[in-house]
2 protein chains.
Amino acid sequence: MNRVYNFSAGPSMLPLPVLEKAAAEMVCYGESGMSVMEMSHRSPDYEAIIQDAEAMLRRLMNIPENYKVLFLQGGASTQFAAVPLNLIKRTGKADYVVSGQFSGKAFKEAQKLGYDVKCIATTKDDNFSHVPVVTRDMIRPDAAYLHICFNNTIYGTKYSYIPDTGDIPLVADLSSCIISEPIDVSRFGVIYAGAQKNMAPAGLTLVIVREDLLDYAEEKMPTMLEWKTMAENGSMYNTPPCYTIYMAKLVYEWILNLGGLTVMQEMNLKKAALLYDYLDSQDYYIAPVAKESRSIMNVTFVTGDADLDKKFASEAGKAGLKNLKGHRSVGGMRASIYNAMPYEGVEALVAFMKEFAANNPKA
Amino acid sequence: MNRVYNFSAGPSMLPLPVLEKAAAEMVCYGESGMSVMEMSHRSPDYEAIIQDAEAMLRRLMNIPENYKVLFLQGGASTQFAAVPLNLIKRTGKADYVVSGQFSGKAFKEAQKLGYDVKCIATTKDDNFSHVPVVTRDMIRPDAAYLHICFNNTIYGTKYSYIPDTGDIPLVADLSSCIISEPIDVSRFGVIYAGAQKNMAPAGLTLVIVREDLLDYAEEKMPTMLEWKTMAENGSMYNTPPCYTIYMAKLVYEWILNLGGLTVMQEMNLKKAALLYDYLDSQDYYIAPVAKESRSIMNVTFVTGDADLDKKFASEAGKAGLKNLKGHRSVGGMRASIYNAMPYEGVEALVAFMKEFAANNPKA
């Protein structure tokens with residue numbers, strides 16, 4: 001076994017102890033005589049798993065009691081439709097901030113469904129190199145919600161603050177930063193996240209929704225997209241993605257055993273600092289993101305020469321530092337350093353960056 | 001490791017060699033240096049997996065070239081909405097056969113979405129103990145499609161024939177009988193199936209759709225439910241349920257190595273015959289399903305005494321024969337004997353049934 005450092009933006013690294021435990025339990029889980037994959041979702045063994053997963057996540061994120069936790073399918077992209085379908089009836093219109101590709105897709109999906117939605121701020125003209133400043137007065141007073149994407153995976157940006165929306169529910173896509181640090185859930189109306197970056201393999205979508213927001217669903221919408229139906233059935237209106245929820249449980253357990261999100265945040269800040277400090281100390285690589293908007297999960301940089309960028313990603317891959325190529329829509333490099341990326345992985349990356357810069361002087 | 005015989009209706013047994021391979025490859029897949037769970041869905045390693053999965057399924061089911069294969073999320077329940085959203089625009093109305101709980105849910109979902117749908121046949125008055133006879137003249141000539149559920153998991157019934165619908169596309173839920181026997185795909189417009197019975201762990205939904213049926217999607221529908229969008233993006237419009245697709249690939253491979261669906265069918269018929277022949281040979285247990293509608297995947301039976309039924313399921317469980325309790329809506333017993341259930345499991349069940357009958361004479 002020769003594991004690499006995998007800087008993929010998602011699906012991405014999982015903690016090695018989690019993978020080892022999953023492997024050990026694959027054929028037979030505890031005394032059950034079967035794999036978790038084979039369990040009826042209505043069996044006591046499986047109910048214990050999903051209940052533990054929820055309890056651990058609640059503990060980890062300190063989720064208030066008046067919020068429901070839903071384990072769903074379909075990815076954040078399905079929630080781009082589910083958000084307006086479940087919420088817009090509150091007032092009939094909604095506001096969006098477009099800070100990157102995924103928030104743009106969320107906005108367009110609401111438009112496609114025929115809703116009155118408004119983009120109140122965007123940093124498109126700055127190539128999404130920072131997130132917009134969002135203040136309360138920018139939001140339409142009768143907006144059903146304000147939608148933001150809290151960490152922009154592709155550009156490597158993140159809000160350094162939670163926008164104050166007053167009484168208007170804040171809906172946030174946290175796909176690429178969920179459980180990377182403590183966050184005040186009570187400041188949000190809805191949080192959703194695809195699991196495949198920081199939480200579990202692909203195929204699980206987490207929705208955390210304040211109970212009073214469950215009553216605005218459209219009548220003529222697919223039942224499977226109704227948060228209320230899923231909440232009333234404990235995420236088991238139909239068969240949930242059982243095994244992926246089990247994997248999420250193992251990840252939650254791993255973080256709790258490390259000391260929870262405060263410890264996780266310390267570890268993540270330390271990793272990000274190592275990389276950003278190096279980037280700030282030299283001029284071979286350029287970090288395009290404004291300092292106040294820097295993500296600690298996705299770190300983007302370029303050499304300024306597309307051919308060199310290509311060579312970098314290729315040679316890094318050969319050195320066991322995988323998937324450092326930036327998103328196909330922006331180019332350059334991106335190092336995704338989620339919870340499961342060890343400090344040693346970032347050390348190895350910085351060492352490689354220094355070596356590459358020395359060996360490949362610019363013209 | 002002491003594995004049980006798991007008669008669960010789904011999620012259900014997976015082939016032991018598949019689980020063992022998954023366990024062995026969990027931490028490191030081939031030369032990739034990572035788990036399949038950690039792979040970017042855009043990486044060459046993962047693209048090979050999803051392409052192999054599709055190629056194997058096409059070979060296994062002999063899927064014609066003018067059909068698209070989609071690997072989706074959300075379960076058959078999501079397709080209950082996706083079917084009318086993608087197809088009803090063809091003519092504006094659609095017909096349904098209600099042969100059990102899930103076909104009933106599919107019908108109600110189309111009604112809920114506000115569509116002109118008609119139930120053209122149901123066996124509700126016979127407690128769904130057989131499937132209806134469906135002939136071409138029963139279908140409205142301007143129906144956009146006819147929807148059926150081919151194997152009814154809860155009741156243990158199955159169509160013994162593919163209804164002739166003429167030019168009207170036949171849409172079938174094959175969740176509980178997919179890849180259990182050869183089937184002529186060209187007789188269907190759309191086949192869909194949740195994976196968690198015969199194909200993979202829960203969290204994957206298969207859709208096989210004839211290409212000419214991709215052009216009728218509603219404009220204002222969630223993008224993630226549009227078959228055409230998923231087809232145009234090779235099931236990768238967003239991150240697919242990568243690991244569950246890998247598991248499906250291992251299952252397809254297992255069946256191909258056994259000799260394909262003709263061999264699988266022989267094995268399944270042999271298992272079902274063992275159980276039905278015993279049921280027909282005695283009068284302690286009653287098999288409620290009409291002979292011509294018997295499923296070879298889900299076999300239902302009762303003692304005629306609810307207390308005895310309860311005792312049966314409980315004592316069978318203690319003897320390592322798990323999940324024999326019938327669905328909560330019908331009671332009695334149900335033995336789901338999907339592809340992965342070995343013949344020895346059915347032998348053990350029949351032996352237990354004989355012993356139980358001898359030890360528990362009826363009053």
# chains A, B, ... in the order shown; residues from 1 in each chain; ligands from 1

$ closest_atom_pairs --of "chain A" --to "chain B" --cutoff "6 Å" --atoms "only C-alpha atoms" --output "JSON lines"
{"residue": "A:Asn2", "atom": "CA", "partner": "B:Gly33", "partner_atom": "CA", "distance": 5.6}
{"residue": "A:Arg3", "atom": "CA", "partner": "B:Gly33", "partner_atom": "CA", "distance": 4.2}
{"residue": "A:Val4", "atom": "CA", "partner": "B:Gly33", "partner_atom": "CA", "distance": 5.1}
{"residue": "A:Gly10", "atom": "CA", "partner": "B:Ser40", "partner_atom": "CA", "distance": 5.8}
{"residue": "A:Pro11", "atom": "CA", "partner": "B:Ser40", "partner_atom": "CA", "distance": 5.0}
{"residue": "A:Ser12", "atom": "CA", "partner": "B:Glu38", "partner_atom": "CA", "distance": 4.5}
{"residue": "A:Met13", "atom": "CA", "partner": "B:Glu38", "partner_atom": "CA", "distance": 5.1}
{"residue": "A:Leu19", "atom": "CA", "partner": "B:Val27", "partner_atom": "CA", "distance": 5.8}
{"residue": "A:Ala23", "atom": "CA", "partner": "B:Ala23", "partner_atom": "CA", "distance": 4.6}
{"residue": "A:Met26", "atom": "CA", "partner": "B:Ala23", "partner_atom": "CA", "distance": 5.8}
{"residue": "A:Val27", "atom": "CA", "partner": "B:Leu19", "partner_atom": "CA", "distance": 5.8}
{"residue": "A:Gly33", "atom": "CA", "partner": "B:Arg3", "partner_atom": "CA", "distance": 4.2}
{"residue": "A:Met34", "atom": "CA", "partner": "B:Arg3", "partner_atom": "CA", "distance": 5.8}
{"residue": "A:Met37", "atom": "CA", "partner": "B:Pro201", "partner_atom": "CA", "distance": 5.2}
{"residue": "A:Glu38", "atom": "CA", "partner": "B:Ser12", "partner_atom": "CA", "distance": 4.5}
{"residue": "A:Met39", "atom": "CA", "partner": "B:Pro11", "partner_atom": "CA", "distance": 5.7}
{"residue": "A:Ser40", "atom": "CA", "partner": "B:Pro11", "partner_atom": "CA", "distance": 5.0}
{"residue": "A:Gln73", "atom": "CA", "partner": "B:Gly74", "partner_atom": "CA", "distance": 5.3}
{"residue": "A:Gly74", "atom": "CA", "partner": "B:Gln73", "partner_atom": "CA", "distance": 5.3}
{"residue": "A:Thr78", "atom": "CA", "partner": "B:Met224", "partner_atom": "CA", "distance": 5.7}
{"residue": "A:Ala81", "atom": "CA", "partner": "B:Pro222", "partner_atom": "CA", "distance": 5.5}
{"residue": "A:Leu113", "atom": "CA", "partner": "B:Lys220", "partner_atom": "CA", "distance": 4.6}
{"residue": "A:Pro201", "atom": "CA", "partner": "B:Met37", "partner_atom": "CA", "distance": 5.2}
{"residue": "A:Ala202", "atom": "CA", "partner": "B:Pro241", "partner_atom": "CA", "distance": 5.0}
{"residue": "A:Gly203", "atom": "CA", "partner": "B:Pro241", "partner_atom": "CA", "distance": 4.2}
{"residue": "A:Lys220", "atom": "CA", "partner": "B:Leu113", "partner_atom": "CA", "distance": 4.5}
{"residue": "A:Pro222", "atom": "CA", "partner": "B:Ala81", "partner_atom": "CA", "distance": 5.5}
{"residue": "A:Met224", "atom": "CA", "partner": "B:Thr78", "partner_atom": "CA", "distance": 5.7}
{"residue": "A:Pro241", "atom": "CA", "partner": "B:Gly203", "partner_atom": "CA", "distance": 4.2}

$ residues_around --residues "stretch 174-180 of chain B" --least-positions-apart "6" --cutoff "10 Å" --atoms "only C-alpha atoms" --output "PyMOL selection string"
chain B and resi 9-10+57+60-61+75-76+148-154+156+158+191-199+205-207+252+255+260-269+295-298+336+338-340

$ select_by_dssp --residues "stretch 259-322 of chain B" --states "alpha helix (DSSP H)" --output "JSON, numbers by chain"
{"B": [261, 262, 263, 264, 265, 266, 267, 268, 269, 270, 271, 272, 273, 274, 275, 276, 277, 278, 279, 280, 306, 307, 308, 309, 310, 311, 312, 313, 314, 315, 316, 317, 318]}

$ atom_distance --atom1 "atom CA of A:Asp212" --atom2 "atom CA of A:Pro132"
28.6 Å

$ residues_around --residues "B:Asn360" --least-positions-apart "5" --cutoff "12 Å" --atoms "only C-alpha atoms" --output "list in words"
Tyr284, Tyr285, Thr303, Asp305, Asp307, Leu308, Asp309, Lys311, Phe312, Glu315, Phe352, Met353, Lys354 and Glu355 of chain B

$ atom_distance --atom1 "atom CA of A:Met56" --atom2 "atom CA of A:Leu214"
23.1 Å

$ atom_distance --atom1 "atom CA of A:Ala48" --atom2 "atom CA of A:Thr229"
21.1 Å
